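What follows is the content of structure-v2.txt, which has compact mmCIF, C-alpha atoms:
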# COMPACT_ATOMS: atom_id res chain seq x y z
CA MET A 1 9.39 -40.74 25.51
CA LEU A 2 7.51 -42.96 23.05
CA ILE A 3 8.72 -40.77 20.19
CA GLY A 4 12.25 -41.09 21.56
CA ALA A 5 11.99 -44.87 21.65
CA VAL A 6 10.79 -44.90 18.04
CA VAL A 7 13.54 -42.53 16.88
CA HIS A 8 16.40 -44.43 18.46
CA SER A 9 15.05 -47.88 17.60
CA ILE A 10 14.87 -47.01 13.91
CA PHE A 11 18.24 -45.24 14.15
CA ALA A 12 19.82 -48.37 15.67
CA ILE A 13 18.32 -50.62 12.97
CA ALA A 14 19.71 -48.34 10.27
CA VAL A 15 23.22 -48.22 11.77
CA VAL A 16 23.42 -51.97 12.40
CA SER A 17 22.10 -52.80 8.92
CA MET A 18 24.68 -50.46 7.40
CA ILE A 19 27.59 -51.87 9.41
CA VAL A 20 26.65 -55.48 8.64
CA GLY A 21 25.69 -54.83 5.02
CA MET A 22 28.96 -53.16 4.09
CA PHE A 23 31.04 -55.60 6.15
CA PHE A 24 29.93 -58.31 3.73
CA GLY A 25 30.33 -56.05 0.69
CA MET A 26 26.56 -55.73 0.18
CA SER A 27 26.48 -59.46 -0.60
CA ARG A 28 23.88 -60.24 2.08
CA ALA A 29 20.48 -58.50 2.14
CA PHE A 30 16.78 -59.27 1.77
CA GLY A 31 16.16 -57.88 -1.73
CA SER A 32 15.02 -60.36 -4.37
CA VAL A 33 14.48 -58.34 -7.55
CA PRO A 34 14.95 -60.52 -10.67
CA ALA A 35 18.22 -60.47 -12.60
CA LEU A 36 18.87 -57.48 -14.86
CA TRP A 37 16.21 -55.46 -13.04
CA HIS A 38 18.00 -55.62 -9.72
CA TRP A 39 20.60 -53.05 -10.78
CA LEU A 40 17.83 -50.56 -11.52
CA ALA A 41 16.19 -51.28 -8.16
CA ASN A 42 19.52 -50.99 -6.37
CA ALA A 43 20.30 -47.70 -8.12
CA ALA A 44 16.96 -46.31 -6.94
CA LEU A 45 17.68 -47.42 -3.37
CA LEU A 46 21.15 -45.91 -3.56
CA LEU A 47 20.11 -42.52 -4.94
CA GLN A 48 17.06 -41.96 -2.75
CA PHE A 49 19.19 -41.33 0.32
CA PRO A 50 21.53 -38.55 -0.88
CA LEU A 51 18.80 -36.86 -2.95
CA ALA A 52 16.18 -36.73 -0.20
CA HIS A 53 18.82 -35.97 2.45
CA SER A 54 19.99 -32.91 0.54
CA LEU A 55 16.49 -31.74 -0.36
CA LEU A 56 15.31 -31.86 3.25
CA LEU A 57 18.33 -29.95 4.52
CA ASN A 58 18.24 -27.12 1.99
CA GLY A 59 15.78 -24.54 0.73
CA ARG A 60 12.27 -25.28 1.96
CA GLY A 61 13.29 -28.71 3.22
CA PRO A 62 13.58 -27.78 6.93
CA ARG A 63 10.13 -26.17 6.87
CA ILE A 64 8.67 -29.29 5.29
CA VAL A 65 10.26 -31.46 8.00
CA ALA A 66 8.86 -29.17 10.71
CA ARG A 67 5.35 -29.61 9.30
CA ILE A 68 5.35 -33.39 9.05
CA VAL A 69 4.25 -33.65 12.67
CA PRO A 70 1.04 -31.59 12.87
CA GLY A 71 0.32 -29.18 15.67
CA GLN A 72 2.47 -27.02 17.88
CA TYR A 73 5.29 -29.53 18.36
CA GLY A 74 6.22 -29.97 14.70
CA GLY A 75 9.09 -27.49 14.92
CA THR A 76 10.27 -28.83 18.25
CA LEU A 77 10.41 -32.38 16.89
CA ALA A 78 12.13 -31.42 13.64
CA THR A 79 15.44 -33.12 14.46
CA SER A 80 13.64 -36.28 15.60
CA THR A 81 11.49 -36.31 12.46
CA PHE A 82 14.53 -35.82 10.26
CA ALA A 83 16.39 -38.64 12.05
CA ILE A 84 13.45 -41.00 11.50
CA ILE A 85 13.32 -40.19 7.78
CA ALA A 86 17.08 -40.58 7.29
CA SER A 87 17.16 -43.81 9.30
CA LEU A 88 14.29 -45.32 7.31
CA GLN A 89 16.11 -44.40 4.11
CA LEU A 90 19.33 -46.08 5.21
CA ALA A 91 17.51 -49.14 6.55
CA ALA A 92 15.69 -49.52 3.22
CA LEU A 93 18.95 -49.20 1.29
CA PHE A 94 20.85 -51.85 3.22
CA LEU A 95 18.02 -54.27 3.99
CA LEU A 96 16.24 -54.21 0.62
CA TRP A 97 19.36 -54.30 -1.57
CA THR A 98 19.41 -57.19 -4.06
CA PRO A 99 22.94 -58.71 -4.06
CA SER A 100 24.54 -59.44 -7.43
CA GLY A 101 25.97 -62.71 -6.14
CA ILE A 102 29.46 -61.75 -7.35
CA VAL A 103 32.31 -61.62 -4.83
CA TRP A 104 35.57 -60.21 -6.20
CA TRP A 105 37.76 -60.48 -3.15
CA GLN A 106 37.43 -61.80 0.40
CA PRO A 107 40.75 -62.03 2.26
CA ASP A 108 41.58 -64.11 5.29
CA GLY A 109 44.24 -64.23 7.96
CA ALA A 110 46.23 -61.08 8.74
CA ILE A 111 44.83 -59.09 5.81
CA PHE A 112 41.27 -59.78 6.93
CA ALA A 113 42.14 -58.73 10.49
CA ALA A 114 43.80 -55.53 9.24
CA LEU A 115 40.79 -54.58 7.14
CA CYS A 116 38.40 -55.31 10.00
CA THR A 117 40.51 -53.01 12.18
CA ALA A 118 40.44 -50.28 9.55
CA TYR A 119 36.68 -50.69 9.16
CA ALA A 120 36.13 -50.42 12.92
CA ALA A 121 38.42 -47.37 13.07
CA SER A 122 36.41 -45.65 10.33
CA TRP A 123 33.21 -46.18 12.29
CA LEU A 124 34.84 -44.88 15.46
CA LEU A 125 35.89 -41.75 13.54
CA LEU A 126 32.31 -41.31 12.36
CA ILE A 127 30.99 -41.67 15.91
CA LYS A 128 33.59 -39.19 17.19
CA ALA A 129 32.73 -36.69 14.46
CA SER A 130 29.01 -37.02 15.23
CA ILE A 131 29.65 -36.39 18.91
CA ASP A 132 31.80 -33.35 18.08
CA ALA A 133 28.98 -32.00 15.88
CA GLY A 134 26.36 -32.54 18.57
CA ALA A 135 25.16 -36.08 19.17
CA GLU A 136 21.74 -34.90 20.28
CA VAL A 137 21.14 -33.34 16.86
CA GLN A 138 22.70 -36.12 14.80
CA SER A 139 20.73 -38.85 16.60
CA GLY A 140 17.43 -36.96 16.70
CA ALA A 141 17.38 -36.80 20.50
CA LEU A 142 17.19 -33.00 20.63
CA GLY A 143 13.62 -32.91 19.38
CA TRP A 144 11.90 -35.35 21.70
CA MET A 145 14.01 -34.33 24.71
CA SER A 146 13.03 -30.69 24.19
CA MET A 147 9.38 -31.70 23.90
CA LEU A 148 9.68 -33.77 27.08
CA GLN A 149 11.05 -30.75 28.95
CA GLU A 150 8.59 -28.36 27.26
CA ILE A 151 11.37 -26.07 26.05
CA LYS A 152 12.54 -24.80 22.69
CA PRO A 153 15.36 -26.88 21.17
CA ARG A 154 18.79 -25.50 22.05
CA TYR A 155 21.02 -26.23 19.12
CA PRO A 156 24.75 -26.70 19.79
CA ASP A 157 27.30 -24.19 18.61
CA MET A 158 28.78 -24.47 15.14
CA PRO A 159 31.22 -27.39 15.54
CA ARG A 160 34.84 -26.25 15.66
CA THR A 161 36.36 -28.55 18.26
CA GLY A 162 37.57 -32.13 18.15
CA LEU A 163 37.86 -33.41 14.57
CA PHE A 164 36.41 -30.13 13.33
CA ARG A 165 39.71 -28.48 14.26
CA ILE A 166 41.43 -30.66 11.65
CA ILE A 167 38.94 -30.58 8.75
CA ARG A 168 35.62 -28.86 8.21
CA GLN A 169 33.72 -31.98 7.15
CA PRO A 170 34.80 -34.92 9.37
CA ILE A 171 31.34 -36.54 9.34
CA TYR A 172 31.24 -36.77 5.56
CA VAL A 173 34.88 -37.88 5.31
CA SER A 174 34.43 -40.57 7.98
CA PHE A 175 31.23 -41.73 6.31
CA ALA A 176 33.11 -42.11 3.01
CA LEU A 177 35.93 -44.00 4.73
CA THR A 178 33.51 -46.60 6.07
CA THR A 179 32.61 -47.49 2.48
CA TRP A 180 36.23 -48.11 1.39
CA THR A 181 37.65 -50.02 4.38
CA VAL A 182 35.33 -53.02 4.11
CA PRO A 183 36.88 -56.54 4.17
CA VAL A 184 34.75 -57.96 1.33
CA TRP A 185 34.65 -56.46 -2.15
CA THR A 186 31.88 -56.93 -4.70
CA PRO A 187 30.59 -54.83 -7.62
CA ASP A 188 27.74 -53.87 -5.31
CA GLN A 189 30.13 -52.40 -2.76
CA LEU A 190 32.12 -50.56 -5.42
CA LEU A 191 28.95 -48.93 -6.73
CA LEU A 192 27.85 -47.91 -3.24
CA ALA A 193 31.29 -46.61 -2.26
CA SER A 194 31.63 -44.57 -5.46
CA VAL A 195 28.21 -42.92 -5.19
CA PHE A 196 28.47 -42.22 -1.47
CA THR A 197 31.99 -40.82 -1.79
CA ALA A 198 30.87 -38.44 -4.53
CA TYR A 199 27.98 -37.39 -2.30
CA CYS A 200 30.27 -36.88 0.70
CA LEU A 201 32.56 -34.61 -1.33
CA LEU A 202 29.82 -32.56 -3.01
CA ALA A 203 27.01 -32.32 -0.44
CA PRO A 204 29.04 -30.29 2.10
CA VAL A 205 29.21 -27.48 -0.46
CA LEU A 206 25.51 -26.90 0.17
CA LYS A 207 26.04 -27.19 3.91
CA GLU A 208 28.78 -24.58 3.84
CA ARG A 209 26.55 -22.30 1.79
CA ARG A 210 24.00 -22.48 4.62
CA PHE A 211 26.70 -21.79 7.17
CA ARG A 212 28.00 -18.79 5.23
CA ALA A 213 24.50 -17.33 4.98
CA ARG A 214 23.96 -17.87 8.70
CA TYR A 215 27.32 -16.84 10.17
CA GLY A 216 28.89 -14.61 7.52
CA ALA A 217 32.40 -13.47 8.43
CA LYS A 218 32.61 -15.91 11.35
CA PHE A 219 32.31 -18.88 9.05
CA ASP A 220 34.65 -17.30 6.50
CA ALA A 221 37.33 -16.98 9.19
CA TYR A 222 36.91 -20.63 10.16
CA GLN A 223 36.96 -21.71 6.51
CA ALA A 224 40.20 -19.81 5.92
CA LYS A 225 41.94 -21.66 8.76
CA VAL A 226 40.61 -25.21 8.47
CA PRO A 227 40.81 -27.33 5.26
CA TYR A 228 37.72 -28.87 3.66
CA ALA A 229 38.42 -32.62 3.76
CA VAL A 230 42.18 -33.27 3.73
CA PRO A 231 44.05 -32.37 6.96
CA ARG A 232 47.13 -30.18 6.67
CA PHE A 233 47.86 -29.94 10.42
CA THR A 234 48.98 -26.33 10.08
CA ALA A 235 45.74 -24.46 10.64
CA GLY A 236 45.55 -22.13 13.58
CA SER A 237 43.13 -22.62 16.42
CA PRO A 238 39.60 -21.56 15.48
CA ALA A 239 37.90 -18.75 17.31
CA PRO A 240 35.12 -19.43 19.86
CA ASN A 241 32.05 -21.13 18.46
CA PRO A 242 29.02 -19.28 17.12
CA SER A 243 25.55 -20.77 17.45
CA SER A 244 24.31 -23.48 15.07
CA ARG A 245 20.98 -24.88 13.93
CA ASP A 246 22.23 -27.33 11.31
CA HIS A 247 21.00 -30.93 11.28
CA GLY A 248 23.44 -32.67 8.98
Just give me the structure of the file as structure tokens.
Amino acid sequence: MLIGAVVHSIFAIAVVSMIVGMFFGMSRAFGSVPALWHWLANAALLLQFPLAHSLLLNGRGPRIVARIVPGQYGGTLATSTFAIIASLQLAALFLLWTPSGIVWWQPDGAIFAALCTAYAASWLLLIKASIDAGAEVQSGALGWMSMLQEIKPRYPDMPRTGLFRIIRQPIYVSFALTTWTVPVWTPDQLLLASVFTAYCLLAPVLKERRFRARYGAKFDAYQAKVPYAVPRFTAGSPAPNPSSRDHG
């Protein structure tokens, strides 16, 4: 239960810092790196998340995560450990960012309200996609809850319902949308949105490679029916779900 409290506290800090940071176009944070050097520091903060995220999800990454917690519960707590790492990365990015001090555009009135609505809708889509994928895995709850019950983690089936009936990568697409629907625009936000969007379009290729290796023809059939990131609303209904052990 203590591990669970730590996991979800850090997770909450990361999510709130991300929502607030992007709402203001990355113009408000605690970083204070001197001029000229702050772009290098910000670039390092920006790249550390997608690079480490991909490394820990592919190849030997999952085994490394399972060994971070020593002893017999390392594997059980893998999803919790991964959630802590990812949350610390995001919290560092949005809290330690050094703002450029340049604001390109900050609307008011009806336009501001419309953008706030779009921003909220993007976050709701991301929450919905995470629930469809298995909230217990995405939030890190599966690990500590399995340890609490002294059982092996039971991973949810490969997601094919909800938003996953429309596109194969709704989490990544929703995540990218949150970066482009912000009400305040700065060069900082443009840099972040560009890098994260590129990541959200390219990283799922590795994820689908894992799925193909794990599920074979079952994943191929799903891939043939459901588009990657752009809905076409003509795909047939996917077949029943196979089992999944994916974290991201």
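One distance worth recording is that between CA of Ile13 (chain A) and CA of Ala198 (chain A), which is 24.7 Å.
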Residues within 12 Å of Thr178 (chain A), only C-alpha atoms, excluding chain neighbours under 4 positions, as a PyMOL selection string | chain A and resi 15+18-23+25+115-127+171-174+182-183+189+192-194+196-197+200
Selection from above, C-alpha atoms, as a compact mmCIF listing (two decimals), keeping the file's coordinate frame, can you write it?
# COMPACT_ATOMS: atom_id res chain seq x y z
CA VAL A 15 23.22 -48.22 11.77
CA MET A 18 24.68 -50.46 7.40
CA ILE A 19 27.59 -51.87 9.41
CA VAL A 20 26.65 -55.48 8.64
CA GLY A 21 25.69 -54.83 5.02
CA MET A 22 28.96 -53.16 4.09
CA PHE A 23 31.04 -55.60 6.15
CA GLY A 25 30.33 -56.05 0.69
CA LEU A 115 40.79 -54.58 7.14
CA CYS A 116 38.40 -55.31 10.00
CA THR A 117 40.51 -53.01 12.18
CA ALA A 118 40.44 -50.28 9.55
CA TYR A 119 36.68 -50.69 9.16
CA ALA A 120 36.13 -50.42 12.92
CA ALA A 121 38.42 -47.37 13.07
CA SER A 122 36.41 -45.65 10.33
CA TRP A 123 33.21 -46.18 12.29
CA LEU A 124 34.84 -44.88 15.46
CA LEU A 125 35.89 -41.75 13.54
CA LEU A 126 32.31 -41.31 12.36
CA ILE A 127 30.99 -41.67 15.91
CA ILE A 171 31.34 -36.54 9.34
CA TYR A 172 31.24 -36.77 5.56
CA VAL A 173 34.88 -37.88 5.31
CA SER A 174 34.43 -40.57 7.98
CA VAL A 182 35.33 -53.02 4.11
CA PRO A 183 36.88 -56.54 4.17
CA GLN A 189 30.13 -52.40 -2.76
CA LEU A 192 27.85 -47.91 -3.24
CA ALA A 193 31.29 -46.61 -2.26
CA SER A 194 31.63 -44.57 -5.46
CA PHE A 196 28.47 -42.22 -1.47
CA THR A 197 31.99 -40.82 -1.79
CA CYS A 200 30.27 -36.88 0.70
Which neighbours of Gln48 (chain A) fall inside 10 Å, counting only C-alpha atoms, when residues of the same chain fewer than 2 positions from it are skipped, and could you give them as a PDB file with C-alpha atoms, keeping the file's coordinate frame?
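What ended up in result-v3.pdb:
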ATOM      1  CA  ALA A  43      20.300 -47.700  -8.120  1.00  0.00           C
ATOM      2  CA  ALA A  44      16.960 -46.310  -6.940  1.00  0.00           C
ATOM      3  CA  LEU A  45      17.680 -47.420  -3.370  1.00  0.00           C
ATOM      4  CA  LEU A  46      21.150 -45.910  -3.560  1.00  0.00           C
ATOM      5  CA  PRO A  50      21.530 -38.550  -0.880  1.00  0.00           C
ATOM      6  CA  LEU A  51      18.800 -36.860  -2.950  1.00  0.00           C
ATOM      7  CA  ALA A  52      16.180 -36.730  -0.200  1.00  0.00           C
ATOM      8  CA  HIS A  53      18.820 -35.970   2.450  1.00  0.00           C
ATOM      9  CA  GLN A  89      16.110 -44.400   4.110  1.00  0.00           C
ATOM     10  CA  LEU A  90      19.330 -46.080   5.210  1.00  0.00           C
ATOM     11  CA  ALA A  92      15.690 -49.520   3.220  1.00  0.00           C
ATOM     12  CA  LEU A  93      18.950 -49.200   1.290  1.00  0.00           C
TER      13      LEU A  93
END
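Straight-line separation from CA of Leu57 (chain A) to CA of Ala203 (chain A): 10.3 Å.
Between CA of Met26 (chain A) and CA of His8 (chain A) lies a distance of 23.8 Å.
Of the listed residues (A:Leu2, A:Ala29, A:Leu77, A:Ala86), A:Leu77 comes nearest to Trp144 (chain A); the distances count all atoms listed in the file.
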Any chance you could tabulate, as a tab-separated table, the residues of region 122-194 of chain A at most 6 Å from region 96-110 of chain A with each one's nearest atom pair and distance in Å to one decimal, using all atoms listed in the file, in chain and rising number order?
residue	atom	partner	partner_atom	distance
A:Val184	CA	A:Gln106	CA	4.8
A:Trp185	CA	A:Trp105	CA	5.2
A:Thr186	CA	A:Val103	CA	4.7
Take the residues just selected and output them with C-alpha atoms as a short mmCIF file (atom, residue, chain, number, x, y, z; two decimals), keeping the file's coordinate frame.
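Writing the result to part_2.cif gives the following:
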data_model
loop_
_atom_site.label_atom_id
_atom_site.label_comp_id
_atom_site.auth_asym_id
_atom_site.auth_seq_id
_atom_site.Cartn_x
_atom_site.Cartn_y
_atom_site.Cartn_z
CA VAL A 184 34.75 -57.96 1.33
CA TRP A 185 34.65 -56.46 -2.15
CA THR A 186 31.88 -56.93 -4.70
#
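In terms of minimum interatomic distance to Pro170 (chain A), A:Ala129 ranks closest within A:Met158, A:Val7, A:Ala141, A:Ala129, counting all atoms listed in the file.
The shortest atom-to-atom distance to Met147 (chain A), with all atoms listed in the file taken into account, belongs to A:Met1 out of A:Leu47, A:Met1, A:Ala176, A:Phe82.
Using only C-alpha atoms, the shortest contact distance between Gly162 (chain A) and any of A:Gln223, A:Ser130, A:Ser17, A:Ser80 is found at A:Ser130.
Compared by their closest atoms to Phe164 (chain A), and using all atoms listed in the file, the residues A:Ile85, A:Ala35, A:Ile10, A:Val226 rank with A:Val226 nearest.
Of the residues listed (A:Val205, A:Val6, A:Ala83, A:Val33), A:Val205 shows the shortest atom-to-atom separation from Asn58 (chain A); distances use all atoms listed in the file.
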